[in-house]
Structure formats: C-alpha cells, structure tokens
$ cat entry11.txt   # compact mmCIF, C-alpha atoms
# COMPACT_ATOMS: atom_id res chain seq x y z
CA MET W 169 101.70 75.22 118.51
CA SER W 170 102.93 77.45 115.81
CA ALA W 171 103.90 80.98 116.57
CA SER W 172 102.06 82.15 113.45
CA THR W 173 98.40 83.16 113.28
CA PRO W 174 96.08 80.11 113.50
CA LYS W 175 94.81 78.98 110.12
CA THR W 176 91.12 79.02 109.37
CA LEU W 177 89.20 75.78 109.18
CA SER W 178 89.38 74.09 105.82
CA THR W 179 86.24 72.56 104.37
CA SER W 180 88.10 69.68 102.81
CA GLY W 181 88.32 66.50 104.86
CA GLN W 182 90.91 63.85 105.47
CA LYS W 183 91.41 60.82 103.26
CA SER W 184 88.06 59.24 102.56
CA ILE W 185 87.17 55.86 103.97
CA GLN W 186 86.23 54.95 100.41
CA ASP W 187 89.92 54.26 99.91
CA ILE W 188 89.65 51.35 102.35
CA CYS W 189 88.74 48.03 100.76
CA HIS W 190 85.34 46.98 102.03
CA PRO W 191 85.01 43.52 103.62
CA LEU W 192 82.08 42.71 101.29
CA SER W 193 84.02 43.71 98.18
CA SER W 194 84.21 41.13 95.39
CA GLU W 195 87.93 41.67 95.04
CA GLU W 196 89.95 38.51 95.57
CA SER W 197 92.83 40.28 97.28
CA VAL W 198 93.42 39.57 100.93
CA ARG W 199 92.11 42.36 103.13
CA THR W 200 95.07 43.70 105.09
CA PRO W 201 94.51 47.35 105.95
CA SER W 202 97.62 49.24 106.90
CA PRO W 203 97.68 50.84 110.37
CA ASP W 204 98.09 54.20 108.63
CA VAL W 205 95.28 53.78 106.07
CA GLY W 206 92.78 56.60 106.00
CA ASN W 207 94.89 59.02 107.97
CA THR W 208 98.01 59.59 105.96
CA THR W 209 97.92 63.35 106.27
CA GLY W 210 97.93 63.55 110.05
CA SER W 211 101.66 63.70 110.73
CA ILE W 212 103.56 66.92 110.30
CA GLU W 213 104.57 67.43 106.71
CA GLU W 214 108.30 67.30 106.14
CA LYS W 215 109.63 70.59 104.83
CA ASP W 216 112.36 70.72 102.19
CA LEU W 217 115.33 72.50 103.66
CA SER W 218 118.22 73.83 101.62
CA LEU W 219 121.56 74.93 102.97
CA PRO W 220 123.11 78.33 102.26
CA ASN W 221 125.50 76.70 99.73
CA GLY W 222 122.55 75.20 97.84
CA THR W 223 123.05 71.64 99.10
CA PRO W 224 119.79 69.97 100.11
CA VAL W 225 119.58 68.65 103.66
CA ASP W 226 118.82 64.94 103.92
CA THR W 227 116.64 64.61 107.01
CA SER W 228 114.99 61.31 106.24
CA SER W 229 114.68 58.88 109.12
CA PRO W 230 114.26 55.09 108.76
CA ALA W 231 111.78 54.99 111.61
CA SER W 232 108.28 56.35 111.31
CA SER W 233 107.36 59.17 113.67
CA SER W 234 103.62 59.14 112.98
CA SER W 235 101.79 60.25 116.09
CA LEU W 236 99.66 58.11 118.34
CA LEU W 237 96.46 59.99 117.49
CA ASN W 238 97.14 59.56 113.77
CA ARG W 239 97.36 55.79 114.01
CA LEU W 240 94.35 54.04 112.48
CA GLN W 241 93.60 50.84 114.38
CA LEU W 242 92.03 48.84 111.57
CA ASP W 243 94.15 45.72 111.86
CA ASP W 244 92.61 42.51 110.59
CA ASP W 245 93.67 40.75 113.73
CA LEU W 246 93.88 42.37 117.16
CA ASP W 247 94.09 40.08 120.18
CA GLY W 248 92.95 37.26 117.93
CA GLU W 249 89.74 39.05 116.90
CA THR W 250 88.79 39.47 113.25
CA ARG W 251 87.97 43.04 112.26
CA ASP W 252 84.40 43.43 111.02
CA LEU W 253 83.70 47.08 111.93
CA PHE W 254 85.65 50.02 110.50
CA VAL W 255 84.95 53.58 111.66
CA THR W 256 86.58 56.85 110.60
CA VAL W 257 86.02 60.47 111.68
CA ASP W 258 87.01 63.07 109.08
CA ASP W 259 85.89 66.09 107.03
CA PRO W 260 85.21 68.70 109.76
CA LYS W 261 82.90 71.49 108.62
CA LYS W 262 81.91 74.75 110.24
CA HIS W 263 78.21 75.63 110.53
CA VAL W 264 77.03 79.16 111.25
CA SER W 265 73.45 79.98 112.23
CA THR W 266 71.69 82.84 113.98
CA MET W 267 71.71 80.89 117.24
CA GLU W 268 75.13 79.25 117.31
CA THR W 269 78.29 78.32 115.48
CA TYR W 270 79.55 74.75 115.65
CA ILE W 271 81.63 72.08 113.92
CA THR W 272 80.36 68.77 112.55
CA TYR W 273 82.43 65.75 111.56
CA ARG W 274 81.72 63.01 109.07
CA VAL W 275 81.49 59.56 110.66
CA SER W 276 81.94 56.82 108.05
CA THR W 277 81.31 53.17 108.83
CA LYS W 278 81.89 49.93 106.96
CA THR W 279 80.84 46.64 108.50
CA THR W 280 79.79 43.06 107.87
CA ARG W 281 77.85 42.73 111.12
CA VAL W 282 74.26 41.53 110.88
CA GLU W 283 73.22 44.07 113.55
CA PHE W 284 73.50 46.77 110.89
CA ASP W 285 70.92 47.03 108.10
CA LEU W 286 73.47 48.30 105.57
CA PRO W 287 77.16 47.58 104.99
CA GLU W 288 78.08 51.27 104.79
CA TYR W 289 77.00 54.46 106.55
CA SER W 290 78.03 58.10 106.40
CA VAL W 291 76.55 60.55 108.91
CA ARG W 292 77.54 63.90 110.35
CA ARG W 293 77.92 64.38 114.08
CA ARG W 294 78.90 67.28 116.33
CA TYR W 295 80.73 67.09 119.65
CA GLN W 296 77.57 66.93 121.77
CA ASP W 297 76.53 63.80 119.83
CA PHE W 298 79.77 62.08 120.82
CA ASP W 299 79.13 63.20 124.38
CA TRP W 300 75.62 61.68 124.25
CA LEU W 301 77.09 58.38 123.04
CA ARG W 302 79.60 58.22 125.87
CA ILE W 303 76.93 58.97 128.47
CA LYS W 304 74.76 56.19 127.06
CA LEU W 305 77.67 53.77 127.10
CA GLU W 306 78.29 54.57 130.76
CA GLU W 307 74.60 54.09 131.57
CA THR W 308 74.16 50.79 129.76
CA GLN W 309 77.64 49.29 130.33
CA PRO W 310 78.46 50.33 133.92
CA THR W 311 80.89 47.43 134.41
CA HIS W 312 83.15 48.47 131.53
CA LEU W 313 85.80 51.13 131.03
CA ILE W 314 84.50 53.74 128.59
CA PRO W 315 87.21 55.55 126.57
CA PRO W 316 87.41 59.30 127.29
CA LEU W 317 86.40 62.13 125.02
CA PRO W 318 88.51 65.27 124.52
CA GLU W 319 87.45 68.03 126.88
CA LYS W 320 84.59 70.14 125.60
CA PHE W 321 85.44 73.54 127.03
CA VAL W 322 88.50 75.63 126.20
CA MET W 323 89.68 78.91 127.65
CA LYS W 324 88.31 81.76 125.58
CA GLY W 325 90.98 84.08 124.33
CA VAL W 326 93.67 81.41 124.72
CA VAL W 327 92.57 78.82 122.15
CA ASP W 328 90.47 79.50 119.09
CA ARG W 329 88.12 76.51 118.99
CA PHE W 330 87.36 77.16 115.32
CA SER W 331 90.98 77.30 114.18
CA GLU W 332 92.18 74.55 111.86
CA GLU W 333 94.76 73.36 114.39
CA PHE W 334 92.25 72.98 117.24
CA VAL W 335 89.59 71.33 115.07
CA GLU W 336 92.10 68.87 113.65
CA THR W 337 93.37 67.96 117.11
CA ARG W 338 89.79 67.37 118.27
CA ARG W 339 89.01 65.35 115.13
CA LYS W 340 91.93 63.04 115.87
CA ALA W 341 90.73 62.56 119.45
CA LEU W 342 87.15 61.84 118.37
CA ASP W 343 88.42 59.41 115.78
CA LYS W 344 90.48 57.65 118.44
CA PHE W 345 87.45 57.50 120.76
CA LEU W 346 85.27 55.76 118.18
CA LYS W 347 88.03 53.36 117.17
CA ARG W 348 88.58 52.35 120.79
CA VAL W 349 84.86 51.67 121.17
CA ALA W 350 84.75 49.78 117.86
CA ASP W 351 87.71 47.64 118.98
CA HIS W 352 86.00 46.67 122.25
CA PRO W 353 84.37 43.21 122.21
CA VAL W 354 81.36 44.42 124.24
CA LEU W 355 80.98 48.16 123.72
CA SER W 356 81.07 47.78 119.94
CA PHE W 357 77.81 45.79 120.09
CA ASN W 358 76.00 48.39 122.19
CA GLU W 359 72.69 49.45 120.62
CA HIS W 360 73.43 53.15 121.19
CA PHE W 361 76.73 52.79 119.33
CA ASN W 362 74.79 51.24 116.45
CA VAL W 363 72.36 54.17 116.46
CA PHE W 364 75.17 56.70 116.61
CA LEU W 365 76.86 55.21 113.56
CA SER W 366 73.75 54.65 111.44
CA ALA W 367 70.90 57.00 112.38
CA LYS W 368 70.32 59.98 110.11
CA ASP W 369 68.28 61.75 112.78
CA LEU W 370 70.01 61.24 116.10
CA ASN W 371 67.90 63.80 117.99
CA ALA W 372 64.92 61.43 118.17
CA HIS W 373 67.04 58.89 120.03
CA LYS W 374 68.67 61.52 122.24
CA ARG W 375 65.28 62.53 123.64
CA GLN W 376 64.74 59.14 125.22
CA GLY W 377 64.84 58.90 129.02
CA LEU W 378 67.35 57.34 131.35
CA ALA W 379 68.13 53.69 130.83
CA LEU W 380 66.94 51.08 133.33
CA LEU W 381 70.49 50.29 134.38
CA THR W 382 70.99 53.91 135.37
CA LYS W 383 67.99 53.76 137.67
CA MET W 384 69.30 50.51 139.09
CA GLY W 385 72.62 52.21 139.73
CA GLU W 386 70.86 55.03 141.57
CA SER W 387 69.01 52.51 143.73
CA VAL W 388 72.32 50.87 144.61
CA LYS W 389 73.66 54.24 145.77
CA TYR W 390 70.56 54.68 147.92
CA VAL W 391 70.84 51.21 149.48
CA THR W 392 74.56 51.54 150.22
CA GLY W 393 74.52 55.21 151.14
CA GLY W 394 75.06 54.53 154.84
CA TYR W 395 77.31 51.50 154.43
CA LYS W 396 81.08 51.74 154.56
CA LEU W 397 82.96 49.33 152.33
CA ARG W 398 85.12 46.93 154.30
CA GLY W 399 87.90 47.20 151.77
CA ARG W 400 88.72 46.54 148.15
CA PRO W 401 90.15 43.14 147.26
CA GLN W 402 93.91 43.34 146.97
CA GLU W 403 94.00 43.23 143.16
CA PHE W 404 91.60 46.17 142.86
CA ALA W 405 93.34 48.08 145.62
CA ALA W 406 96.57 47.64 143.63
CA MET W 407 94.79 49.10 140.58
CA GLY W 408 93.79 52.16 142.57
CA ASP W 409 97.33 52.64 143.90
CA TYR W 410 98.77 52.31 140.40
CA LEU W 411 96.36 54.90 139.02
CA ASP W 412 97.31 57.36 141.78
CA VAL W 413 101.02 57.04 140.97
CA PHE W 414 100.38 57.12 137.22
CA THR W 415 98.34 60.30 137.63
CA GLN W 416 101.17 61.98 139.50
CA LYS W 417 103.79 60.98 136.90
CA LEU W 418 101.67 62.04 133.95
CA GLY W 419 100.79 65.32 135.63
CA THR W 420 104.45 66.15 136.17
CA ILE W 421 105.40 65.23 132.60
CA ASP W 422 102.47 67.21 131.21
CA ARG W 423 103.35 70.30 133.24
CA ILE W 424 107.01 70.25 132.22
CA ALA W 425 106.19 69.43 128.58
CA GLN W 426 103.82 72.39 128.37
CA ARG W 427 106.53 74.65 129.80
CA ILE W 428 109.03 73.32 127.24
CA SER W 429 106.51 73.89 124.45
CA LYS W 430 105.97 77.47 125.58
CA GLU W 431 109.72 78.13 125.75
CA GLN W 432 110.24 76.58 122.31
CA THR W 433 107.56 78.86 120.88
CA GLU W 434 109.21 81.91 122.42
CA TYR W 435 112.62 80.77 121.14
CA LEU W 436 111.11 80.35 117.66
CA VAL W 437 109.95 83.96 117.70
CA GLU W 438 113.47 85.08 118.63
CA LEU W 439 115.04 83.01 115.86
CA ARG W 440 112.75 84.55 113.27
CA GLU W 441 113.90 88.00 114.36
CA TYR W 442 117.53 86.92 114.71
CA GLY W 443 118.19 85.62 111.18
CA PRO W 444 117.12 88.74 109.22
CA VAL W 445 119.59 90.85 111.23
CA TYR W 446 122.47 88.98 109.56
CA SER W 447 120.89 89.46 106.12
CA SER W 448 120.62 93.18 106.78
CA TRP W 449 124.19 93.33 108.02
CA ALA W 450 125.46 91.52 104.92
CA GLY W 451 124.43 94.48 102.77
CA PHE W 452 127.01 96.69 104.49
CA GLU W 453 129.91 94.21 104.50
CA GLY W 454 131.20 93.35 101.06
CA SER W 455 133.92 90.99 102.26
CA LEU W 456 131.62 89.27 104.78
CA GLN W 457 128.47 89.26 102.71
CA GLU W 458 128.53 85.55 101.80
CA PRO W 459 129.29 84.24 105.33
CA LEU W 460 126.69 86.56 106.88
CA GLU W 461 124.03 85.47 104.41
CA GLY W 462 125.02 81.88 105.17
CA VAL W 463 124.43 82.44 108.88
CA ALA W 464 121.05 83.99 108.13
CA GLY W 465 120.12 80.93 106.06
CA CYS W 466 121.24 78.59 108.84
CA VAL W 467 119.12 80.41 111.40
CA ALA W 468 116.12 80.24 109.07
CA ASN W 469 116.58 76.51 108.55
CA CYS W 470 116.93 75.94 112.29
CA ALA W 471 113.76 77.96 112.87
CA GLY W 472 111.89 75.76 110.39
CA ALA W 473 113.12 72.60 112.10
CA LEU W 474 112.14 73.98 115.52
CA GLU W 475 108.66 74.86 114.24
CA GLU W 476 108.11 71.23 113.22
CA LEU W 477 109.35 70.01 116.59
CA THR W 478 107.09 72.44 118.45
CA GLU W 479 104.04 71.49 116.38
CA ASP W 480 104.67 67.82 117.06
CA MET W 481 104.83 68.53 120.79
CA SER W 482 101.60 70.55 120.92
CA GLU W 483 99.53 68.62 118.38
CA ASP W 484 100.58 65.03 119.07
CA PHE W 485 102.52 64.57 122.32
CA LEU W 486 100.53 66.75 124.71
CA PRO W 487 97.06 65.54 123.57
CA VAL W 488 98.04 61.93 124.23
CA LEU W 489 99.15 62.77 127.76
CA ARG W 490 95.84 64.52 128.32
CA GLU W 491 93.90 61.57 126.91
CA TYR W 492 95.49 59.24 129.43
CA VAL W 493 94.84 61.65 132.29
CA LEU W 494 91.16 61.47 131.32
CA TYR W 495 91.45 57.70 130.91
CA ILE W 496 92.65 57.46 134.51
CA GLU W 497 89.58 59.36 135.69
CA SER W 498 87.36 56.96 133.76
CA MET W 499 89.07 53.96 135.32
CA LYS W 500 88.71 55.43 138.81
CA ASN W 501 84.99 55.94 138.19
CA VAL W 502 84.61 52.28 137.20
CA LEU W 503 86.43 51.24 140.38
CA LYS W 504 84.02 53.37 142.43
CA LYS W 505 81.05 51.71 140.73
CA ARG W 506 82.54 48.31 141.52
CA ASP W 507 82.88 49.36 145.15
CA LEU W 508 79.18 50.31 145.25
CA VAL W 509 78.17 46.88 144.01
CA GLN W 510 80.47 45.21 146.53
CA ALA W 511 79.09 47.42 149.30
CA GLU W 512 75.55 46.40 148.36
CA TYR W 513 76.56 42.76 148.53
CA GLU W 514 78.25 43.16 151.92
CA ALA W 515 75.27 45.09 153.29
CA LYS W 516 72.89 42.30 152.29
CA LEU W 517 75.18 39.69 153.79
CA GLU W 518 75.13 41.54 157.10
CA ALA W 519 71.35 41.86 156.90
CA VAL W 520 71.05 38.10 156.50
CA ALA W 521 73.35 37.51 159.47
CA PHE W 522 71.16 39.72 161.73
CA ARG W 523 67.93 38.11 160.53
CA LYS W 524 68.66 34.42 160.68
CA GLU W 525 65.02 33.52 160.94
CA GLU W 526 64.41 34.93 157.44
CA ARG W 527 67.34 33.12 155.90
CA PRO W 528 65.27 30.81 153.62
CA ALA W 529 64.08 33.81 151.57
CA ALA W 530 67.26 35.84 151.66
CA PRO W 531 69.98 33.75 149.92
CA THR W 532 68.41 34.17 146.46
CA ASP W 533 68.73 37.97 146.62
CA VAL W 534 72.21 37.70 148.08
CA GLU W 535 73.29 35.28 145.38
CA LYS W 536 72.07 37.64 142.67
CA CYS W 537 74.09 40.44 144.21
CA GLN W 538 77.10 38.16 144.44
CA ASP W 539 76.74 37.34 140.75
CA ARG W 540 76.75 41.05 139.98
CA VAL W 541 79.98 41.52 141.95
CA GLU W 542 81.64 38.64 140.14
CA CYS W 543 80.47 39.92 136.77
CA PHE W 544 81.75 43.42 137.58
CA ASN W 545 85.09 42.02 138.71
CA ALA W 546 85.52 39.93 135.56
CA ASP W 547 84.63 42.81 133.22
CA LEU W 548 86.87 45.25 135.04
CA LYS W 549 89.86 42.90 135.02
CA ALA W 550 89.42 42.23 131.31
CA ASP W 551 89.21 45.94 130.52
CA TRP W 552 92.20 46.65 132.77
CA GLU W 553 94.32 44.15 130.85
CA ARG W 554 93.15 45.59 127.53
CA TRP W 555 93.90 49.12 128.75
CA GLN W 556 97.39 48.15 129.93
CA ASN W 557 98.17 46.53 126.57
CA ASN W 558 96.96 49.61 124.69
CA LYS W 559 98.92 51.88 127.01
CA ARG W 560 102.16 50.01 126.43
CA GLN W 561 101.70 50.13 122.68
CA ASP W 562 100.59 53.77 122.69
CA PHE W 563 103.46 55.10 124.77
CA ARG W 564 106.10 53.06 122.97
CA GLN W 565 104.92 54.57 119.70
CA LEU W 566 104.60 58.04 121.23
CA LEU W 567 108.11 57.99 122.70
CA THR W 568 109.57 56.55 119.50
CA GLY W 569 107.98 59.39 117.56
CA MET W 570 109.34 61.93 120.04
CA ALA W 571 112.85 60.45 119.69
CA ASP W 572 112.55 60.55 115.89
CA ARG W 573 111.47 64.19 115.87
CA ASN W 574 114.28 65.28 118.15
CA ILE W 575 116.86 63.37 116.09
CA GLN W 576 115.56 64.97 112.91
CA TYR W 577 115.60 68.41 114.52
CA TYR W 578 119.23 68.18 115.66
CA GLU W 579 120.34 66.60 112.38
CA LYS W 580 118.82 69.49 110.41
CA CYS W 581 120.44 72.07 112.68
CA LEU W 582 123.81 70.28 112.57
CA ALA W 583 123.75 70.00 108.78
CA ALA W 584 122.78 73.64 108.42
CA TRP W 585 125.62 74.95 110.59
CA GLU W 586 128.20 72.59 109.12
CA SER W 587 127.35 73.92 105.67
CA ILE W 588 128.72 77.41 106.38
CA ILE W 589 132.06 76.24 107.73
CA PRO W 590 133.57 76.04 104.21
CA LEU W 591 132.36 79.58 103.57
CA LEU W 592 134.16 80.83 106.66
CA GLN W 593 137.31 78.83 105.95
CA ASP W 594 137.54 79.93 102.30
CA ARG W 595 137.50 83.64 103.17
CA PRO W 596 141.11 83.87 104.50
CA GLU W 597 142.48 82.04 101.41
CA THR W 598 140.57 84.34 99.08
CA THR W 599 141.98 87.35 100.91
CA LYS W 600 145.57 86.13 100.46
CA THR W 601 145.00 85.57 96.73
CA GLU W 602 143.65 89.08 96.28
CA ALA W 603 146.63 90.57 98.18
CA SER W 604 149.21 88.77 95.98

$ encode --input "entry11.txt" --output "structure tokens"
Amino acid sequence: MSASTPKTLSTSGQKSIQDICHPLSSEESVRTPSPDVGNTTGSIEEKDLSLPNGTPVDTSSPASSSSLLNRLQLDDDLDGETRDLFVTVDDPKKHVSTMETYITYRVSTKTTRVEFDLPEYSVRRRYQDFDWLRIKLEETQPTHLIPPLPEKFVMKGVVDRFSEEFVETRRKALDKFLKRVADHPVLSFNEHFNVFLSAKDLNAHKRQGLALLTKMGESVKYVTGGYKLRGRPQEFAAMGDYLDVFTQKLGTIDRIAQRISKEQTEYLVELREYGPVYSSWAGFEGSLQEPLEGVAGCVANCAGALEELTEDMSEDFLPVLREYVLYIESMKNVLKKRDLVQAEYEAKLEAVAFRKEERPAAPTDVEKCQDRVECFNADLKADWERWQNNKRQDFRQLLTGMADRNIQYYEKCLAAWESIIPLLQDRPETTKTEAS
C-alpha cells in the first residue's frame, strides 16, 4: 500500500491473450507457454536508483520475485495432464450508470475441447458473475473443493474499491480463481463453467432455478437433521485438525504482517519528510553542502526502496494469505457436506437394523447411500492432495519472492549509504589543503 493518493483506474488492460500461441495454430513450433506469459506486468516495476555521487545502484537479483497471484498457470503438463483450456482475466473497465457504478473484466478463453463451439471466446464479466459461477459449482459439484473468490465487500472509507490498486488486486484474484477451476480435471468440464466462459448474455442462464443436486442436498439435511454423526474416519478427522491449526497460524501471520505493513507505511511518510530537511540545511552550510545533499539523496533512495517493499507486501503477500484463509473455509464446508452424507448412510443403516423384517427392500437404498459416501471420500481425498501440492508450490514461491524483495531492499539501502562515505572522508583532506 503506497502512502500516496490511490491512482484512478486505467482503461487499458493487461497483456492480451492474443500473445499466447493458440493450440489450433498452424505454426510448427512446440507449444510451451511460459508460466509468466500473459501477465508480465503484474510484479512491481523496478525503479532506477542513482546514488548521490551519480553511480547507479545495481539491484538486480538472479532469482525471480514475481508474486504468486501474478503467476499464470498455463503449463503444457501439470500432474501429467495436457493443457487444452487457457483462461485469462484482464482489461478491467469502469462502468457508470444512473443506478450503479461497477467494474467489468475481460475473460478470454482459448481451447481445443469439443465441448466448446468455438476455439476462442472473449466476454466481459463483473464480480457478481464470478460469484454466480462459484455458487453453481458448489451446487452441481458438492463433493469437490471449489476455489475461493476474493471477498466482495470492503470497508467504505478505508479502501477505494474503484482505485487502480484495488481493482488490479481483485483482477489478479479473479484470474487465479478461473485458472484454478480450469486446471481441475472435473470442475473444468462443468456446464456452468462452459456457459460462463462462452455466453454473451449470461443473465438468461443466471435466472434459472436451483439445480437438482442442491435440492437433494437439502433433503439430506432434512433426513439427517436429528442424527448425530458417530465420528469422522481418522483420515478426515486429521484433515479437520490440520485445517484448525493452519487457520491459527495463517491468522497470526496475517495479523502481524498487516501491522508491519502499516508501520512501514508510516515510516515511509517520515522518510519523505526527513530527507528534504537535509537538502534545506545544505543551503546554509557551504562546507557541508555536498555531504548534506548526499544524505538527502540516500534517504530518498531508501524511501523508494521501502515503497517497493511495502507495495509488494500489501499487493502480493497479504492477498495470498487471505486467499488461503478463504480456501480453508471452503475445505471445511466440503468436510461438513461429507459428514452429512455419512450421517445419512449411518441413519439408514440403523433403520435397517431396527426393521429386520423389511431387510429385503432396504439394502438397495443403503447401498446407493454407501456409494455416495465412497464417491464423496474419493473426490475429497483427490482434491485434498491437489490442494496440498498447490499450497506447497504457492508458499515456496511466495516466501522466495518475499526473501528476494527484502534482499533487494537492504542492498539498495546499503549501497546508498555506502556511497556517501567517500564524501564524508574527503572533507577533512580538502580542509587541510585549503588551510595550507
């Protein structure tokens, strides 16, 4: 978060998906999209810093510090699966009407799947459309973990939801949401996902009623309303325990990181007031003018480096923590749904035990319920493994980026302060020469 006034939303978008080679292209080159294709402008732009003595500061780092939300997951091979669906969210635009003001985003799709009528689509969607898609995914795929969306509501007066910084952060999160869905071997084939990516008029589809599976889920709640689950199987109980601990750890890190970000922003304001004082002082001190101006330049360079570090914290690090907090809530909801299905199965088993005379007609219904439990368990375990793999990759990249940014920050500050040492050391020698 920059201490300066938030910038207004730009109408120009990110790098177009047209720059990505289409799978159906006649080009003979092997299709190997880079993980950073289509989102090369997301990371914080490196600023050219110059030292007070005119020497440029070399702050290059061999390791990339691109943020997690900037990473474009368009690999040709992920978990042994060939990529045949590419989705990008870019080009946010502000719309103002008499009734409301809102932001839309361009959703571009390229695919070779036969489920789509065309190989390419470009539609505009607003946040509530993404929210509709996620609700539909939860309704029609209740056994799967649905990736989270960024939170819709913000505190008025604290965050300007139409500022360029906020819109860009939300765009990255929406882009990540669609890419996670597109990477999923089941969710990516959902009919509502197809409609979301391809339909010009989404409102006609949004007016449709609740899906059948939703009604079935409600009936399960009714049947098992008075039944207490005997207990989760050990592997699922371990998942719940892990999520509880993970929530606590992430919450602590998020709280401290936000406090650090706030203190860095306040420190940045002080630095910007601190440096000009030395410049002003230099005008009254002929013999100390050069060293004082050097100090002012050092403080300015340090302030610039701190601004980059603070922006990286607020725009990249904190949103990822929040995404995983929401991810945990999604996983807990799936576990609760699994418990409902298990409770229904156990309730029917007990009913059969109390009505032995009706056993010939009962096993078929019980077996169907058992199949549902086994299907739920298999889907949940597969999604859990996928989530854990993504989490390890995400946090390794996130922490590597954080280490890079901190190294660059301290290197810039060190180089800036070291540059004025010769100015301070030369002053006594110059004084002796003048005296002789």

$ atom_distance --input "entry11.txt" --atom1 "atom CA of Ser276 of chain W" --atom2 "atom CA of Pro353 of chain W"
19.8 Å

$ atom_distance --input "entry11.txt" --atom1 "atom CA of Leu489 of chain W" --atom2 "atom CA of Gln309 of chain W"
25.5 Å

$ atom_distance --input "entry11.txt" --atom1 "atom CA of Gly399 of chain W" --atom2 "atom CA of Ile303 of chain W"
28.3 Å

$ residues_near_point --input "entry11.txt" --point "(79.8, 43.5, 106.8)" --cutoff "8 Å" --atoms "only C-alpha atoms" --output "PDB file with C-alpha atoms, in the frame of the given file"
ATOM      1  CA  PRO W 191      85.010  43.520 103.620  1.00  0.00           C
ATOM      2  CA  LEU W 192      82.080  42.710 101.290  1.00  0.00           C
ATOM      3  CA  ASP W 252      84.400  43.430 111.020  1.00  0.00           C
ATOM      4  CA  LEU W 253      83.700  47.080 111.930  1.00  0.00           C
ATOM      5  CA  LYS W 278      81.890  49.930 106.960  1.00  0.00           C
ATOM      6  CA  THR W 279      80.840  46.640 108.500  1.00  0.00           C
ATOM      7  CA  THR W 280      79.790  43.060 107.870  1.00  0.00           C
ATOM      8  CA  ARG W 281      77.850  42.730 111.120  1.00  0.00           C
ATOM      9  CA  VAL W 282      74.260  41.530 110.880  1.00  0.00           C
ATOM     10  CA  PRO W 287      77.160  47.580 104.990  1.00  0.00           C
TER      11      PRO W 287
END

$ axis_aligned_box --input "entry11.txt" --around "segment 278-292 of chain W" --padding-each-side "5 Å" --output "lines of an AutoDock Vina configuration file"
center_x = 76.4
center_y = 52.7
center_z = 109.2
size_x = 21.0
size_y = 32.4
size_z = 18.8

$ closest_residue --input "entry11.txt" --among "W:Thr311, W:Asn358, W:Gln457, W:Gln538" --to "Trp552 of chain W" --atoms "all atoms listed in the file"
W:Thr311

$ residues_around --input "entry11.txt" --residues "Ala473 of chain W" --least-positions-apart "4" --cutoff "7 Å" --atoms "only C-alpha atoms" --output "MDAnalysis selection string"
chainID W and resid 469 477 577 580

$ closest_residue --input "entry11.txt" --among "W:Phe254, W:Phe334, W:Phe404, W:Trp300" --to "Ile271 of chain W" --atoms "only C-alpha atoms"
W:Phe334

$ closest_residue --input "entry11.txt" --among "W:Met499, W:Lys536, W:Asp572, W:Tyr578" --to "Leu474 of chain W" --atoms "only C-alpha atoms"
W:Tyr578

$ residues_around --input "entry11.txt" --residues "Val534 of chain W" --least-positions-apart "4" --cutoff "8 Å" --atoms "only C-alpha atoms" --output "VMD selection string"
chain W and resid 513 516 to 517 530 538

$ residues_around --input "entry11.txt" --residues "Gln416 of chain W" --least-positions-apart "6" --cutoff "12 Å" --atoms "only C-alpha atoms" --output "list of chain:residue names"
W:Asp409, W:Tyr410, W:Asp422, W:Arg423, W:Leu489, W:Tyr492, W:Val493, W:Ile496

$ residues_around --input "entry11.txt" --residues "Ala367 of chain W" --least-positions-apart "4" --cutoff "12 Å" --atoms "only C-alpha atoms" --output "list in words"
Val275, Ser276, Thr277, Phe284, Asp285, Leu286, Glu288, Tyr289, Ser290, Val291, Arg292, Arg293, Asp297, Glu359, His360, Phe361, Asn362, Val363, Asn371, Ala372, His373 and Lys374 of chain W

$ build_atoms --input "entry11.txt" --residues "segment 583-587 of chain W" --atoms "all heavy atoms" --output "compact mmCIF listing (two decimals), in the coordinates of the input"
# COMPACT_ATOMS: atom_id res chain seq x y z
N ALA W 583 123.41 69.89 110.20
CA ALA W 583 123.75 70.00 108.78
C ALA W 583 123.77 71.44 108.31
O ALA W 583 124.63 71.85 107.50
CB ALA W 583 122.75 69.18 107.95
N ALA W 584 122.84 72.23 108.83
CA ALA W 584 122.78 73.64 108.42
C ALA W 584 124.03 74.39 108.86
O ALA W 584 124.64 75.14 108.07
CB ALA W 584 121.53 74.29 109.00
N TRP W 585 124.45 74.21 110.10
CA TRP W 585 125.62 74.95 110.59
C TRP W 585 126.92 74.43 109.99
O TRP W 585 127.85 75.21 109.75
CB TRP W 585 125.67 74.88 112.12
CG TRP W 585 124.67 75.78 112.78
CD1 TRP W 585 123.54 75.42 113.43
CD2 TRP W 585 124.70 77.20 112.80
NE1 TRP W 585 122.85 76.51 113.86
CE2 TRP W 585 123.55 77.64 113.50
CE3 TRP W 585 125.59 78.17 112.30
CZ2 TRP W 585 123.25 78.98 113.71
CZ3 TRP W 585 125.30 79.50 112.51
CH2 TRP W 585 124.14 79.89 113.20
N GLU W 586 126.98 73.13 109.73
CA GLU W 586 128.20 72.59 109.12
C GLU W 586 128.38 73.12 107.70
O GLU W 586 129.49 73.21 107.20
CB GLU W 586 128.14 71.06 109.10
CG GLU W 586 128.40 70.42 110.45
CD GLU W 586 128.39 68.90 110.36
OE1 GLU W 586 127.81 68.36 109.38
OE2 GLU W 586 128.95 68.25 111.27
N SER W 587 127.27 73.48 107.06
CA SER W 587 127.35 73.92 105.67
C SER W 587 128.07 75.27 105.51
O SER W 587 128.60 75.56 104.43
CB SER W 587 125.94 74.02 105.07
OG SER W 587 125.23 75.09 105.68
